[in-house]
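Visitor: If it helps, the file is called input-v7.txt and holds compact mmCIF, C-alpha atoms:
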```txt
# COMPACT_ATOMS: atom_id res chain seq x y z
CA MET A 1 -36.66 23.33 104.57
CA ALA A 2 -39.79 22.81 106.68
CA SER A 3 -42.86 21.83 104.67
CA THR A 4 -46.11 23.77 105.00
CA PRO A 5 -48.99 21.72 106.51
CA ASP A 6 -51.77 20.83 104.08
CA PRO A 7 -54.57 23.44 104.42
CA MET A 8 -57.13 20.83 103.38
CA THR A 9 -56.47 18.69 106.46
CA THR A 10 -55.47 21.43 108.93
CA ARG A 11 -58.27 22.49 111.25
CA LEU A 12 -58.49 25.06 113.98
CA GLU A 13 -59.93 24.13 117.34
CA GLY A 14 -60.60 26.37 120.32
CA GLU A 15 -62.51 29.61 120.59
CA ALA A 16 -63.63 31.45 117.46
CA PRO A 17 -62.47 35.10 117.42
CA GLU A 18 -64.98 35.93 114.65
CA ILE A 19 -67.87 35.20 116.97
CA THR A 20 -66.38 37.52 119.60
CA VAL A 21 -65.90 40.24 116.98
CA SER A 22 -69.42 39.85 115.63
CA LEU A 23 -70.92 39.92 119.15
CA ASP A 24 -68.97 43.14 119.82
CA ILE A 25 -70.33 44.56 116.55
CA LEU A 26 -73.83 43.48 117.60
CA LYS A 27 -73.47 45.37 120.89
CA ARG A 28 -72.14 48.46 119.17
CA GLY A 29 -74.94 48.19 116.63
CA ALA A 30 -77.47 48.22 119.45
CA TYR A 31 -75.85 51.41 120.79
CA VAL A 32 -75.82 53.33 117.49
CA SER A 33 -79.10 52.16 115.98
CA PRO A 34 -81.22 54.78 117.85
CA ILE A 35 -79.03 57.54 116.36
CA ILE A 36 -79.29 56.14 112.83
CA VAL A 37 -83.04 55.65 113.21
CA ALA A 38 -83.41 59.24 114.44
CA VAL A 39 -81.43 60.61 111.47
CA CYS A 40 -83.56 58.58 109.04
CA ALA A 41 -86.73 59.73 110.84
CA VAL A 42 -85.73 63.35 110.26
CA PHE A 43 -85.17 62.83 106.54
CA ALA A 44 -87.80 60.19 105.66
CA GLY A 45 -90.35 60.23 108.48
CA LEU A 46 -91.92 57.04 109.80
CA ASP A 47 -90.97 55.13 106.63
CA GLY A 48 -87.37 56.06 107.35
CA VAL A 49 -87.64 54.63 110.88
CA TRP A 50 -88.86 51.23 109.65
CA SER A 51 -86.38 51.20 106.77
CA ALA A 52 -83.47 52.05 109.06
CA LEU A 53 -84.47 49.34 111.55
CA TYR A 54 -84.76 46.83 108.71
CA ALA A 55 -81.35 47.84 107.31
CA VAL A 56 -79.63 47.68 110.71
CA ALA A 57 -81.09 44.21 111.27
CA LEU A 58 -79.88 43.14 107.82
CA VAL A 59 -76.33 44.39 108.44
CA LEU A 60 -76.07 42.80 111.90
CA LEU A 61 -77.46 39.48 110.66
CA ASN A 62 -75.00 39.60 107.76
CA PHE A 63 -72.07 40.02 110.17
CA PHE A 64 -73.31 37.26 112.43
CA PHE A 65 -73.97 34.86 109.56
CA ALA A 66 -70.48 35.48 108.12
CA ALA A 67 -68.83 34.91 111.49
CA GLY A 68 -70.85 31.75 112.15
CA LEU A 69 -69.88 30.34 108.77
CA VAL A 70 -66.15 30.96 109.35
CA ALA A 71 -66.25 29.61 112.91
CA LEU A 72 -68.17 26.48 111.92
CA THR A 73 -66.07 25.54 108.90
CA ALA A 74 -62.67 26.36 110.50
CA ARG A 75 -63.30 23.48 112.93
CA ILE A 76 -63.58 21.08 109.98
CA SER A 77 -60.86 22.21 107.56
CA LEU A 78 -59.16 25.39 106.39
CA GLY A 79 -59.88 24.45 102.77
CA LEU A 80 -63.56 24.13 103.57
CA MET A 81 -63.42 27.50 105.35
CA MET A 82 -62.03 29.14 102.24
CA GLY A 83 -64.79 27.65 100.08
CA ALA A 84 -67.43 28.58 102.62
CA VAL A 85 -66.22 32.18 102.79
CA LEU A 86 -66.29 32.56 99.00
CA PHE A 87 -69.66 30.88 98.46
CA GLY A 88 -70.93 32.47 101.66
CA TYR A 89 -70.11 35.88 100.16
CA LEU A 90 -72.27 35.09 97.13
CA ALA A 91 -75.01 33.58 99.28
CA ARG A 92 -75.08 36.57 101.63
CA LEU A 93 -75.21 39.04 98.75
CA GLY A 94 -78.07 36.98 97.32
CA LEU A 95 -79.90 36.96 100.66
CA ILE A 96 -79.53 40.73 101.06
CA PHE A 97 -80.76 41.19 97.49
CA LEU A 98 -83.76 38.93 98.23
CA ALA A 99 -84.48 40.70 101.52
CA VAL A 100 -84.60 44.07 99.75
CA ILE A 101 -86.53 42.82 96.70
CA LEU A 102 -89.19 41.35 98.99
CA VAL A 103 -89.91 44.69 100.68
CA ARG A 104 -89.20 47.16 97.85
CA ASP A 105 -92.90 47.74 97.13
CA ALA A 106 -94.01 47.76 100.75
CA SER A 107 -95.79 50.91 101.87
CA TRP A 108 -93.40 51.47 104.79
CA ILE A 109 -90.13 51.28 102.87
CA SER A 110 -87.93 54.26 101.96
CA LEU A 111 -85.20 53.03 99.61
CA PRO A 112 -82.82 56.00 100.13
CA ALA A 113 -83.02 55.56 103.91
CA LEU A 114 -82.49 51.82 103.53
CA GLY A 115 -79.44 52.27 101.29
CA PHE A 116 -77.95 55.02 103.45
CA THR A 117 -78.37 52.93 106.60
CA ILE A 118 -76.86 49.78 105.04
CA ILE A 119 -73.67 51.57 103.99
CA VAL A 120 -73.25 53.80 107.03
CA THR A 121 -73.99 51.05 109.57
CA HIS A 122 -71.77 48.49 107.87
CA LEU A 123 -68.77 50.80 107.47
CA GLY A 124 -69.26 52.67 110.75
CA LEU A 125 -69.48 49.53 112.88
CA LEU A 126 -66.48 48.02 111.11
CA VAL A 127 -64.30 51.07 111.65
CA TRP A 128 -65.38 51.24 115.31
CA GLU A 129 -64.58 47.55 115.85
CA MET A 130 -61.30 47.85 113.95
CA ARG A 131 -60.10 50.52 116.37
CA TYR A 132 -60.68 48.14 119.28
CA VAL A 133 -59.08 45.16 117.48
CA ALA A 134 -56.08 47.21 116.34
CA ALA A 135 -55.52 48.50 119.86
CA SER A 136 -55.84 45.06 121.43
CA LEU A 137 -53.44 43.51 118.89
CA ALA A 138 -50.87 46.30 119.17
CA PHE A 139 -50.99 46.64 122.97
CA PRO A 140 -52.36 43.36 124.36
CA ALA A 141 -51.28 44.20 127.92
CA LEU A 142 -53.42 47.32 128.00
CA LYS A 143 -56.64 45.36 127.51
CA PRO A 144 -58.70 48.09 125.78
CA ARG A 145 -62.15 48.55 127.23
CA LYS A 146 -64.88 46.40 125.60
CA PRO A 147 -68.17 48.01 124.59
CA MET B 1 -86.93 36.69 70.34
CA GLU B 2 -90.14 37.43 72.24
CA ALA B 3 -88.14 39.39 74.80
CA LEU B 4 -86.51 41.44 72.04
CA ALA B 5 -89.90 42.09 70.46
CA ALA B 6 -91.27 43.18 73.83
CA LEU B 7 -88.29 45.53 74.28
CA ALA B 8 -88.86 47.00 70.82
CA ALA B 9 -92.51 47.66 71.66
CA LEU B 10 -91.65 49.78 74.72
CA THR B 11 -92.52 53.47 74.67
CA GLY B 12 -90.01 56.22 75.54
CA ASP B 13 -90.42 56.27 79.33
CA GLU B 14 -90.72 52.51 79.60
CA ALA B 15 -87.61 52.02 77.49
CA LYS B 16 -85.75 54.51 79.66
CA ALA B 17 -86.82 52.70 82.85
CA ALA B 18 -85.93 49.32 81.37
CA SER B 19 -82.48 50.48 80.28
CA ALA B 20 -81.87 52.07 83.71
CA ALA B 21 -82.80 48.80 85.43
CA GLY B 22 -80.62 46.79 83.05
CA SER B 23 -77.65 49.11 83.47
CA ALA B 24 -78.02 49.13 87.25
CA GLY B 25 -78.10 45.32 87.32
CA PHE B 26 -75.02 45.19 85.10
CA ALA B 27 -73.23 47.69 87.35
CA TYR B 28 -74.14 45.64 90.44
CA GLY B 29 -72.70 42.54 88.79
CA LEU B 30 -69.50 44.41 87.97
CA ALA B 31 -69.34 45.81 91.51
CA ALA B 32 -69.51 42.29 92.95
CA ILE B 33 -66.60 40.94 90.86
CA GLY B 34 -63.87 43.06 92.48
CA PRO B 35 -64.74 42.19 96.08
CA GLY B 36 -65.05 38.52 95.05
CA ILE B 37 -61.48 38.54 93.76
CA GLY B 38 -60.34 40.50 96.84
CA ILE B 39 -61.98 38.10 99.30
CA GLY B 40 -60.55 35.09 97.46
CA TYR B 41 -57.04 36.53 97.62
CA LEU B 42 -57.43 37.62 101.26
CA VAL B 43 -58.76 34.27 102.49
CA GLY B 44 -56.23 32.31 100.42
CA LYS B 45 -53.33 34.18 102.00
CA SER B 46 -54.89 33.88 105.47
CA VAL B 47 -55.31 30.11 105.08
CA GLU B 48 -51.69 29.88 103.98
CA ALA B 49 -50.61 31.88 107.06
CA MET B 50 -52.75 29.80 109.43
CA ALA B 51 -51.51 26.50 107.99
CA ARG B 52 -47.90 27.69 108.25
CA GLN B 53 -48.21 29.17 111.74
CA PRO B 54 -51.23 27.77 113.63
CA GLU B 55 -50.25 29.54 116.87
CA ALA B 56 -51.01 32.89 115.16
CA ALA B 57 -54.37 31.65 113.85
CA GLY B 58 -56.44 33.72 116.30
CA MET B 59 -54.88 36.99 115.19
CA VAL B 60 -55.02 36.03 111.51
CA ARG B 61 -58.69 35.02 111.77
CA THR B 62 -59.65 38.28 113.47
CA THR B 63 -57.95 40.44 110.87
CA MET B 64 -59.22 38.17 108.07
CA PHE B 65 -62.80 38.57 109.26
CA LEU B 66 -62.48 42.36 109.38
CA GLY B 67 -60.83 42.33 105.95
CA ILE B 68 -63.67 40.26 104.49
CA ALA B 69 -66.22 42.67 105.93
CA PHE B 70 -64.38 45.73 104.60
CA THR B 71 -64.07 44.18 101.14
CA GLU B 72 -67.74 43.24 101.20
CA ALA B 73 -68.59 46.89 101.85
CA LEU B 74 -67.61 47.61 98.23
CA ALA B 75 -70.20 45.13 96.99
CA LEU B 76 -72.77 46.63 99.36
CA ILE B 77 -72.10 50.10 97.95
CA GLY B 78 -72.71 48.68 94.45
CA PHE B 79 -75.90 47.08 95.73
CA VAL B 80 -77.16 50.33 97.23
CA VAL B 81 -76.50 52.16 93.96
CA PHE B 82 -78.45 49.38 92.25
CA ILE B 83 -81.45 49.69 94.56
CA LEU B 84 -81.47 53.47 94.27
CA ILE B 85 -81.24 53.56 90.46
CA GLY B 86 -82.57 50.23 89.28
CA LEU B 87 -85.50 49.37 91.53
```
Would you write out, as structure tokens, the structure that this file holds?
Guide:
Amino acid sequence: MASTPDPMTTRLEGEAPEITVSLDILKRGAYVSPIIVAVCAVFAGLDGVWSALYAVALVLLNFFFAAGLVALTARISLGLMMGAVLFGYLARLGLIFLAVILVRDASWISLPALGFTIIVTHLGLLVWEMRYVAASLAFPALKPRKP
Amino acid sequence: MEALAALAALTGDEAKAASAAGSAGFAYGLAAIGPGIGIGYLVGKSVEAMARQPEAAGMVRTTMFLGIAFTEALALIGFVVFILIGL
């Protein structure tokens, strides 16, 4: 029976697919942010615009930070990657919490618009990206169009 | 003890606001536990798959990253409920 390599010493070299995925998400985020900002502007006025922009920036930075952490630690060890993902999850939640706490009393913030944008942008961009990833994994020869 | 005394001295509206903030914080903590377990399980299985079959690592990493982000959305929903009710 073949033995499984030790995850603590196994490392992954080469290109990092997470970075590619997060750059795709960044591009798609740039495309949809005007729509989200416009929707928030209708419901919450100028405060909604600033809040939506702040939330979109938070979500995109969160994706990029997560991808960077995975890509960086996978080059060192898979065990380290696992630890970094778990503690990175806590750290990123903490950073988002801090980012919102810092601006909660600002005159330009609209908390409903901020919350709405965080959820809709995060889930919407993920579903959009998942469609592309699923298509490229299922039919690699077709090379689905990038954003 | 001082904190308890301060809580006891709160008036009706203040007590209501304080309990709402406390409950929202508690709910946010609960909402973060599930995704934490989910991400741990997901990454553990992905690491196992990558160590066993390194040639499939690219595909596993891509789907793992999307899975992490989807699981994290649950915690973000809990966070948004927290900021809307508790802050």
Visitor: Nearest residue to Leu123 in chain A out of A:Ile25, A:Leu95, A:Leu102, A:Met81, using all atoms listed in the file?
Guide: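 Answer, going by the shortest atom-to-atom distance: A:Ile25.
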Visitor: If we count all atoms listed in the file, which residues of chain A reach to within 6 Å of chain B? Please list them as number ranges by chain.
Guide: A: 4-5, 7, 17-18, 115
Visitor: Give me a file of those residues, with C-alpha atoms, as a PDB file, keeping the file's coordinate frame.
Guide:
```
ATOM      1  CA  THR A   4     -46.110  23.770 105.000  1.00  0.00           C
ATOM      2  CA  PRO A   5     -48.990  21.720 106.510  1.00  0.00           C
ATOM      3  CA  PRO A   7     -54.570  23.440 104.420  1.00  0.00           C
ATOM      4  CA  PRO A  17     -62.470  35.100 117.420  1.00  0.00           C
ATOM      5  CA  GLU A  18     -64.980  35.930 114.650  1.00  0.00           C
ATOM      6  CA  GLY A 115     -79.440  52.270 101.290  1.00  0.00           C
TER       7      GLY A 115
END
```
Visitor: If you measure from CA of Ala8 in chain B to CA of Gly78 in chain B, what distance in Å do you get, rounded to one decimal?
Guide: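 That distance, rounded to one decimal, is 28.7 Å.
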Visitor: Work out how far apart CA of Gly86 in chain B and CA of Ala41 in chain A are and give it in Å to one decimal.
Guide: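 Interatomic distance, CA of Gly86 in chain B to CA of Ala41 in chain A: 23.9 Å.
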Visitor: Find, counting only C-alpha atoms, the residue in A:Tyr132, A:Asn62, A:Gly88, A:Gly124 that gets nearest to Val32 in chain A.
Guide: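 Residue with the minimum atom-to-atom distance to Val32 in chain A: A:Gly124.
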Visitor: For the atom pair CA of Leu98 in chain A and CA of Leu58 in chain A, what is the interatomic distance in Å to one decimal place?
Guide: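 Distance reported for this atom pair: 11.2 Å.
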